[in-house]
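See structure below.
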Amino acid sequence: MFEIVHVSGTARAGKLYTKHGKVETPCFMPVATKGSVKTLSSQEVADLGVQAIISNAFILFLRPGVEVIEKAGGIHEFMNWNRTIFTDSGGFQMLKKDFLLGVNRKGVVFRSPFDNTKHLFTPEMCMEIQSSLKSDVAMVLDDCPPFTKEFSYINESLIRTIEWAKRSITLRSNGQLVFGIIQGGTYPDLRRKAVEELVIMDFDGYGIGGLSLGEPKEVMLDILEYTCRLIPEEKPRYLMGVGSPLELLESISSGIDIFDSAFPTRNARHNTVYTWKGKYNITRGKFSEDFSPLEEGCSCFTCKNYSRAYIHHLMKVYETLGMRLITIHNLYFLQQLMKEARQAIIEDRFNDFKSEFQRYQ
Ligand SMILES: [Zn+2]
């Protein structure tokens with residue numbers, strides 16, 4: 001199910017096996033919240049070398065509804081994507097105030113962003129929905145509190161998350177991997193408690209949630225390192241919602257295997273281009289007559305076919321093709337970054353690789 005290929009310091013190269021094949025780690029998953037990686041077709045995403053994507057069970061439950069996806073034969077058939085799909089439970093959506101109406105022991109009361117209807121979303125429903133969607137990896141429902149809350153609030157929230165995890169693991173369906181989610185804010189004691197309780201339940205992997213929500217970066221990295229040390233080595237570790245290139249490498253150093261984030265695609269739609277030498281905004285005046293590619297030496301479809309000047313123009317006049325072209329480049333860049341990081345781990349030179357990358361960021 002998860003195989004560690006090589007460990008270098010605390011960084012790991014591994015292989016996660018799911019119903020839809022193998023995912024080589026470290027791995028970055030583009031986000032397909034509503035069933036698409038924004039602006040791209042599934043074929044285009046596959047062509048970038050993406051091995052796994054993550055969709056959102058709660059959002060798909062609201063629209064188009066589970067029945068439609070079941071009739072299609074599952075989320076893979078519906079999207080025409082035959083590689084690995086993770087589904088997130090929707091717990092993270094609770095942070096968005098316009099969705100969340102309340103949390104109690106039973107579950108979460110949400111307001112639908114589509115039609116304002118009220119829903120009680122329970123851990124059991126969440127597992128049932130993900131089983132019907134037939135995703136490869138299901139995430140249990142968790143309570144993800146804002147990092148600004150005090151110890152007693154985070155502790156209470158964690159007690160709920162642990163209870164929900166217990167109720168969820170018994171509903172594991174055939175062939176689907178189930179990951180628990182470690183919460184506990186920025187409190188080491190609570191993170192330790194979360195890991196100890198969840199490890200007893202023997203999940204197939206562990207998500208680390210509730211980080212990168214605005215807490216200082218050093219705090220985030222400290223908690224991450226601390227938490228990673230507690231998780232059994234043989235289990236895959238998934239840091240949820242972290243996606244800046246440098247943070248990816250720093251987290252790989254701590255022992256993270258899997259990532260997802262909406263940033264590289266969202267930033268692409270807002271003019272930001274990622275490169276090996278840092279990021280830049282394509283709408284800056286100096287690019288208006290720059291006929292070189294987004295990044296010299298990049299082999300992505302965009303860089304092989306289009307210039308900065310053309311993409312600069314498209315973004316200035318709000319043409320969707322511009323968003324697509326930058327999305328393709330940014331995702332390709334991250335796939336390459338993960339591949340090279342993996343190779344560096346295997347060859348025991350990951351720290352040098354990271355330092356070299358860091359110099360330009
Ligand atoms: Zn490119």
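Each chain in the structure tokens gets a letter, A, B, ..., in the order shown, and its residues are numbered from 1; ligands are numbered from 1 in order too.
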Please identify the residues whose atoms come within 6 Å of ligand 1, using only C-alpha atoms and all ligand atoms, and report them as a PDB file with N, CA and C atoms, in the first residue's frame.
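Dumped to result.pdb:
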ATOM      1  N   LEU A 294       7.961  31.535 -20.894  1.00  0.00           N
ATOM      2  CA  LEU A 294       7.759  31.867 -19.479  1.00  0.00           C
ATOM      3  C   LEU A 294       9.009  31.536 -18.686  1.00  0.00           C
ATOM      4  N   GLU A 295       9.623  30.384 -19.012  1.00  0.00           N
ATOM      5  CA  GLU A 295      10.902  30.045 -18.381  1.00  0.00           C
ATOM      6  C   GLU A 295      11.811  29.381 -19.412  1.00  0.00           C
ATOM      7  N   CYS A 298      12.325  25.388 -20.059  1.00  0.00           N
ATOM      8  CA  CYS A 298      11.178  24.588 -19.605  1.00  0.00           C
ATOM      9  C   CYS A 298      10.591  23.831 -20.795  1.00  0.00           C
ATOM     10  N   SER A 299      10.216  22.562 -20.575  1.00  0.00           N
ATOM     11  CA  SER A 299       9.704  21.730 -21.680  1.00  0.00           C
ATOM     12  C   SER A 299       8.183  21.629 -21.682  1.00  0.00           C
ATOM     13  N   CYS A 300       7.491  22.492 -20.957  1.00  0.00           N
ATOM     14  CA  CYS A 300       6.026  22.375 -20.933  1.00  0.00           C
ATOM     15  C   CYS A 300       5.438  22.864 -22.254  1.00  0.00           C
ATOM     16  N   THR A 302       3.263  25.139 -22.855  1.00  0.00           N
ATOM     17  CA  THR A 302       3.211  26.599 -22.950  1.00  0.00           C
ATOM     18  C   THR A 302       4.563  27.164 -23.389  1.00  0.00           C
ATOM     19  N   CYS A 303       5.620  26.722 -22.710  1.00  0.00           N
ATOM     20  CA  CYS A 303       6.944  27.285 -23.011  1.00  0.00           C
ATOM     21  C   CYS A 303       7.456  26.858 -24.384  1.00  0.00           C
ATOM     22  N   HIS A 329       1.911  25.738 -17.213  1.00  0.00           N
ATOM     23  CA  HIS A 329       3.314  25.913 -16.844  1.00  0.00           C
ATOM     24  C   HIS A 329       3.529  25.704 -15.338  1.00  0.00           C
TER      25      HIS A 329
END
Would you mind writing down, as number ranges by chain, each residue of segment 174-353 of chain A that DSSP on the backbone assigns to helix (DSSP H, G or I)?
A: 188-200, 217-230, 245-254, 263-269, 285-287, 301-305, 308-316, 320-346, 350-353
Residues of segment 74-254 of chain A in strand (DSSP E or B), written as a ChimeraX atom specification
/A:84-88,100-103,108-111,118-121,137-139,177-182,205-208,237-240
If you count only C-alpha atoms, which residues fall within 10 Å of Arg172 of chain A, apart from same-chain ones fewer than 5 positions away, as a ChimeraX atom specification?
/A:127-128,130-131,138,177-178,203
When distances are computed from only C-alpha atoms, which of A:Asp115, A:Glu24, A:Gly322, A:Ser355 shows the smallest separation from Ser253 of chain A?
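Of the candidates, the smallest distance to Ser253 of chain A is held by A:Ser355.
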Could you list, as a list in words, every residue within 9 Å of Phe86 of chain A, counting only C-alpha atoms and ignoring same-chain residues fewer than 4 positions away?
Met29, Ala52, Ile53, Ile54, Ser55, Asn56, Ser135, Asp136, Val137, Ala138 and Met139 of chain A
Selection to disk with N, CA and C atoms, as a PDB file, in the first residue's frame:
ATOM      1  N   MET A  29      -0.433  17.187  -5.480  1.00  0.00           N
ATOM      2  CA  MET A  29      -1.727  16.987  -6.139  1.00  0.00           C
ATOM      3  C   MET A  29      -2.374  18.325  -6.473  1.00  0.00           C
ATOM      4  N   ALA A  52      -1.879  12.206  -9.282  1.00  0.00           N
ATOM      5  CA  ALA A  52      -3.051  12.180  -8.407  1.00  0.00           C
ATOM      6  C   ALA A  52      -3.616  13.588  -8.283  1.00  0.00           C
ATOM      7  N   ILE A  53      -4.948  13.657  -8.154  1.00  0.00           N
ATOM      8  CA  ILE A  53      -5.593  14.953  -7.918  1.00  0.00           C
ATOM      9  C   ILE A  53      -6.488  14.810  -6.691  1.00  0.00           C
ATOM     10  N   ILE A  54      -6.928  15.928  -6.155  1.00  0.00           N
ATOM     11  CA  ILE A  54      -7.848  15.866  -5.008  1.00  0.00           C
ATOM     12  C   ILE A  54      -9.104  16.681  -5.297  1.00  0.00           C
ATOM     13  N   SER A  55     -10.239  16.018  -5.042  1.00  0.00           N
ATOM     14  CA  SER A  55     -11.535  16.652  -5.245  1.00  0.00           C
ATOM     15  C   SER A  55     -12.209  16.800  -3.884  1.00  0.00           C
ATOM     16  N   ASN A  56     -13.341  17.477  -3.846  1.00  0.00           N
ATOM     17  CA  ASN A  56     -13.975  17.736  -2.544  1.00  0.00           C
ATOM     18  C   ASN A  56     -15.340  17.061  -2.449  1.00  0.00           C
ATOM     19  N   SER A 135     -13.713   7.280  -4.836  1.00  0.00           N
ATOM     20  CA  SER A 135     -12.366   7.844  -4.892  1.00  0.00           C
ATOM     21  C   SER A 135     -11.382   6.796  -4.375  1.00  0.00           C
ATOM     22  N   ASP A 136     -10.097   6.987  -4.656  1.00  0.00           N
ATOM     23  CA  ASP A 136      -9.084   6.017  -4.220  1.00  0.00           C
ATOM     24  C   ASP A 136      -8.718   6.214  -2.757  1.00  0.00           C
ATOM     25  N   VAL A 137      -8.696   7.482  -2.337  1.00  0.00           N
ATOM     26  CA  VAL A 137      -8.343   7.783  -0.949  1.00  0.00           C
ATOM     27  C   VAL A 137      -9.408   8.719  -0.367  1.00  0.00           C
ATOM     28  N   ALA A 138     -10.019   8.277   0.730  1.00  0.00           N
ATOM     29  CA  ALA A 138     -11.021   9.098   1.399  1.00  0.00           C
ATOM     30  C   ALA A 138     -10.395   9.745   2.623  1.00  0.00           C
ATOM     31  N   MET A 139     -10.712  10.999   2.846  1.00  0.00           N
ATOM     32  CA  MET A 139     -10.265  11.696   4.057  1.00  0.00           C
ATOM     33  C   MET A 139     -11.453  11.729   5.019  1.00  0.00           C
TER      34      MET A 139
END
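Omitting Thr170 of chain A and its sequence neighbours fewer than 3 positions away, and counting only C-alpha atoms, the residues within 10 Å are Glu124, Met127, Ala165, Lys166, Arg167, Ser173 and Met201 of chain A.
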Among A:Gly175, A:Pro216, A:Gly74, A:Pro232, Tyr17 of chain A is approached most closely, using only C-alpha atoms, by A:Gly175
Among listed residues A:Trp276, A:Phe58, A:Tyr187, A:Phe357, nearest Pro123 of chain A (using only C-alpha atoms):
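Closest to Pro123 of chain A of all the choices is A:Phe58.
The two atoms in question, atom CA of Pro188 of chain A and atom CA of Glu250 of chain A, are spaced 19.0 Å apart.
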For a test of reading the model, state the distance in Å between atom CA of Thr122 of chain A and atom CA of Gly107 of chain A, rounded to one decimal.
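Going from atom CA of Thr122 of chain A over to atom CA of Gly107 of chain A, I get 4.3 Å.
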Choose the residue, out of A:Leu40, A:Leu248, A:Met315, A:Ile258, that has the smallest atom-to-atom separation from Lys15 of chain A; count only C-alpha atoms.
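For Lys15 of chain A, the nearest of the given residues is A:Ile258.
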Contact residues around Ala309 of chain A with only C-alpha atoms at 12 Å, ignoring same-chain residues under 3 positions, as a ChimeraX atom specification:
/A:282-294,303,306,312-316,322
Selected residue, from A:Asn267, A:Arg229, A:Gly255, A:Ile159, that lies nearest to Gly243 of chain A when counting only C-alpha atoms
A:Asn267
Using only C-alpha atoms, which of A:Leu224, A:Ala341, A:Ile208, A:Leu331 sits nearest Leu48 of chain A?
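Comparing A:Leu224, A:Ala341, A:Ile208, A:Leu331 against Leu48 of chain A, the winner is A:Leu331.
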Have a look at atom CA of Arg63 of chain A and atom CA of Asn116 of chain A and let me know their distance in Å, one decimal.
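Atom CA of Asn116 of chain A lies 12.7 Å from atom CA of Arg63 of chain A.
Contact shell of Asp202 of chain A at 10 Å (only C-alpha atoms; same-chain neighbours under 4 positions omitted): Ile169, Val178, Phe179, Gly180, Glu197, Leu198, Tyr206, Pro232 and Lys235 of chain A.
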